>>> print(open('model_24.txt').read())   # compact mmCIF, C-alpha atoms
# COMPACT_ATOMS: atom_id res chain seq x y z
CA MET A 908 51.81 182.50 125.66
CA ASN A 909 55.03 180.55 126.02
CA PHE A 910 57.70 183.14 125.23
CA LEU A 911 56.81 185.69 127.93
CA ASP A 912 56.01 185.32 131.60
CA ALA A 913 54.93 187.47 134.54
CA SER A 914 58.45 188.90 134.91
CA ASP A 915 58.30 190.42 131.40
CA CYS A 916 56.88 193.72 130.24
CA SER A 917 55.85 194.18 126.62
CA ILE A 918 55.06 197.16 124.49
CA ILE A 919 52.31 196.50 121.95
CA MET A 920 51.76 198.42 118.72
CA ASN A 921 47.99 198.06 118.47
CA GLY A 922 46.80 198.82 114.96
CA GLY A 923 43.64 196.78 114.87
CA THR A 924 41.95 193.46 115.49
CA PHE A 925 44.96 191.16 115.33
CA ASP A 926 47.13 193.42 117.49
CA GLN A 927 44.31 193.61 120.02
CA LYS A 928 44.80 189.86 120.45
CA TRP A 929 48.34 190.60 121.77
CA CYS A 930 46.77 192.94 124.35
CA ASP A 931 44.19 190.31 125.29
CA LEU A 932 46.83 187.57 125.63
CA CYS A 933 48.95 189.74 127.91
CA TYR A 934 45.88 190.42 130.05
CA ILE A 935 44.92 186.73 130.24
CA HIS A 936 48.49 185.61 131.10
CA PRO A 937 49.21 188.52 133.54
CA ILE A 938 52.04 190.06 131.52
CA ALA A 939 52.57 193.76 132.10
CA ASN A 940 52.21 195.76 128.90
CA ASP A 941 51.88 199.22 127.49
CA GLU A 942 49.84 199.79 124.36
CA ILE A 943 50.56 202.24 121.57
CA THR A 944 47.43 202.71 119.47
CA VAL A 945 48.30 203.25 115.81
CA PRO A 946 45.22 203.65 113.61
CA THR A 947 45.19 202.07 110.16
CA ASP A 948 46.93 204.24 107.54
CA THR A 949 48.90 206.01 110.27
CA ASP A 950 52.62 205.66 110.89
CA LEU A 951 54.09 204.69 114.21
CA ASN A 952 55.21 207.77 116.15
CA LEU A 953 58.93 206.98 116.39
CA PRO A 954 59.88 209.80 118.80
CA ASP A 955 57.17 208.58 121.19
CA LEU A 956 58.39 204.99 120.86
CA ARG A 957 62.01 206.03 121.46
CA GLU A 958 60.97 207.88 124.61
CA ARG A 959 59.08 204.85 125.91
CA LEU A 960 62.00 202.52 125.13
CA SER A 961 64.56 204.77 126.82
CA GLY A 962 63.69 203.35 130.25
CA ASN A 963 64.76 199.82 129.20
CA ARG A 964 61.80 198.26 131.02
CA TYR A 965 60.45 196.30 128.03
CA THR A 966 61.46 192.78 127.10
CA ALA A 967 59.23 192.47 124.01
CA PHE A 968 57.83 194.60 121.19
CA LEU A 969 54.66 192.99 119.84
CA GLN A 970 53.00 193.99 116.58
CA SER A 971 51.54 192.46 113.45
CA ARG A 972 51.77 195.35 111.03
CA GLN A 973 54.69 195.28 108.66
CA LEU A 974 57.02 198.15 109.44
CA HIS A 975 58.99 200.03 106.84
CA ARG A 976 62.65 198.98 106.88
CA ASN A 977 63.74 202.45 108.05
CA GLN A 978 61.25 202.39 110.94
CA LEU A 979 62.49 199.00 112.05
CA ARG A 980 66.13 200.13 111.83
CA LEU A 981 65.39 203.17 114.00
CA ILE A 982 63.73 200.94 116.60
CA LEU A 983 66.56 198.40 116.61
CA ASP A 984 69.30 201.05 116.60
CA HIS A 985 67.81 202.40 119.82
CA HIS A 986 69.04 199.34 121.73
>>> encode(input="model_24.txt", output="C-alpha cells")
Amino acid sequence: MNFLDASDCSIIMNGGTFDQKWCDLCYIHPIANDEITVPTDTDLNLPDLRERLSGNRYTAFLQSRQLHRNQLRLILDHH
C-alpha cells in the first residue's frame, strides 16, 4: 500500500469481500485501523461514524461501497 504508512490510522467501512481486502492490507502493512462492519443492504450508521471521527485520529476513510451523496456530504462536512 503506497498511500498510507505506519504513522497513519484508517477507518474502514467493511461491507463485504472487497472491503475485507482493505482490512487485510492494513494488517499486512502494519497500518492501524478501526473497522466498521456494515452488512449488505444496510446503511452506514452516520452518528456512530461522526462520533468515531470526532477524535481526529484518522488519516484515511477506506470503503468500496458507493455512498449516497447525502451520506458523503455528512461525512465530509464533519471535517
>>> atom_distance(input="model_24.txt", atom1="atom CA of A:Leu911", atom2="atom CA of A:Thr949")
28.1 Å
>>> atom_distance(input="model_24.txt", atom1="atom CA of A:Asn909", atom2="atom CA of A:Asp955")
28.5 Å
>>> residues_around(input="model_24.txt", residues="stretch 927-941 of chain A", least_positions_apart="2", cutoff="9 Å", atoms="all atoms listed in the file", output="list in words")
Met908, Leu911, Asp912, Ala913, Ser914, Asp915, Cys916, Ser917, Ile918, Ile919, Met920, Asn921, Gly922, Gly923, Thr924, Phe925, Ile943, Tyr965, Leu969 and Gln970 of chain A
>>> write_last_selection(input="model_24.txt", atoms="C-alpha atoms", output="JSON list (two decimals), in the frame of the given file")
[["chain", "number", "residue", "atom", "x", "y", "z"],
["A", 908, "MET", "CA", 51.81, 182.50, 125.66],
["A", 911, "LEU", "CA", 56.81, 185.69, 127.93],
["A", 912, "ASP", "CA", 56.01, 185.32, 131.60],
["A", 913, "ALA", "CA", 54.93, 187.47, 134.54],
["A", 914, "SER", "CA", 58.45, 188.90, 134.91],
["A", 915, "ASP", "CA", 58.30, 190.42, 131.40],
["A", 916, "CYS", "CA", 56.88, 193.72, 130.24],
["A", 917, "SER", "CA", 55.85, 194.18, 126.62],
["A", 918, "ILE", "CA", 55.06, 197.16, 124.49],
["A", 919, "ILE", "CA", 52.31, 196.50, 121.95],
["A", 920, "MET", "CA", 51.76, 198.42, 118.72],
["A", 921, "ASN", "CA", 47.99, 198.06, 118.47],
["A", 922, "GLY", "CA", 46.80, 198.82, 114.96],
["A", 923, "GLY", "CA", 43.64, 196.78, 114.87],
["A", 924, "THR", "CA", 41.95, 193.46, 115.49],
["A", 925, "PHE", "CA", 44.96, 191.16, 115.33],
["A", 943, "ILE", "CA", 50.56, 202.24, 121.57],
["A", 965, "TYR", "CA", 60.45, 196.30, 128.03],
["A", 969, "LEU", "CA", 54.66, 192.99, 119.84],
["A", 970, "GLN", "CA", 53.00, 193.99, 116.58]]
>>> atom_distance(input="model_24.txt", atom1="atom CA of A:Asn952", atom2="atom CA of A:Thr966")
19.6 Å
>>> build_atoms(input="model_24.txt", residues="stretch 931-949 of chain A", atoms="N, CA and C atoms", output="short mmCIF file (atom, residue, chain, number, x, y, z; two decimals), keeping the file's coordinate frame")
data_model
loop_
_atom_site.label_atom_id
_atom_site.label_comp_id
_atom_site.auth_asym_id
_atom_site.auth_seq_id
_atom_site.Cartn_x
_atom_site.Cartn_y
_atom_site.Cartn_z
N ASP A 931 45.04 191.26 124.57
CA ASP A 931 44.19 190.31 125.29
C ASP A 931 45.01 189.17 125.89
N LEU A 932 45.98 188.66 125.13
CA LEU A 932 46.83 187.57 125.63
C LEU A 932 47.64 188.02 126.84
N CYS A 933 48.17 189.22 126.77
CA CYS A 933 48.95 189.74 127.91
C CYS A 933 48.06 189.88 129.14
N TYR A 934 46.82 190.29 128.94
CA TYR A 934 45.88 190.42 130.05
C TYR A 934 45.55 189.04 130.65
N ILE A 935 45.29 188.07 129.79
CA ILE A 935 44.92 186.73 130.24
C ILE A 935 46.06 186.05 130.98
N HIS A 936 47.31 186.29 130.53
CA HIS A 936 48.49 185.61 131.10
C HIS A 936 49.30 186.54 132.00
N PRO A 937 48.68 187.38 132.79
CA PRO A 937 49.21 188.52 133.54
C PRO A 937 50.64 188.96 133.18
N ILE A 938 50.78 189.50 131.99
CA ILE A 938 52.04 190.06 131.52
C ILE A 938 51.85 191.57 131.41
N ALA A 939 52.66 192.30 132.14
CA ALA A 939 52.57 193.76 132.10
C ALA A 939 52.80 194.23 130.67
N ASN A 940 52.04 195.24 130.26
CA ASN A 940 52.21 195.76 128.90
C ASN A 940 51.74 197.20 128.81
N ASP A 941 52.32 197.89 127.86
CA ASP A 941 51.88 199.22 127.49
C ASP A 941 51.47 199.16 126.03
N GLU A 942 50.41 199.83 125.71
CA GLU A 942 49.84 199.79 124.36
C GLU A 942 50.03 201.13 123.67
N ILE A 943 50.50 201.06 122.43
CA ILE A 943 50.56 202.24 121.57
C ILE A 943 49.50 202.02 120.49
N THR A 944 48.47 202.84 120.48
CA THR A 944 47.43 202.71 119.47
C THR A 944 47.87 203.43 118.21
N VAL A 945 47.90 202.70 117.10
CA VAL A 945 48.30 203.25 115.81
C VAL A 945 47.19 202.93 114.82
N PRO A 946 46.32 203.90 114.54
CA PRO A 946 45.22 203.65 113.61
C PRO A 946 45.72 203.23 112.23
N THR A 947 44.88 202.48 111.53
CA THR A 947 45.19 202.07 110.16
C THR A 947 45.53 203.31 109.32
N ASP A 948 46.47 203.15 108.41
CA ASP A 948 46.93 204.24 107.54
C ASP A 948 47.64 205.35 108.29
N THR A 949 48.13 205.06 109.48
CA THR A 949 48.90 206.01 110.27
C THR A 949 50.24 205.38 110.61
#
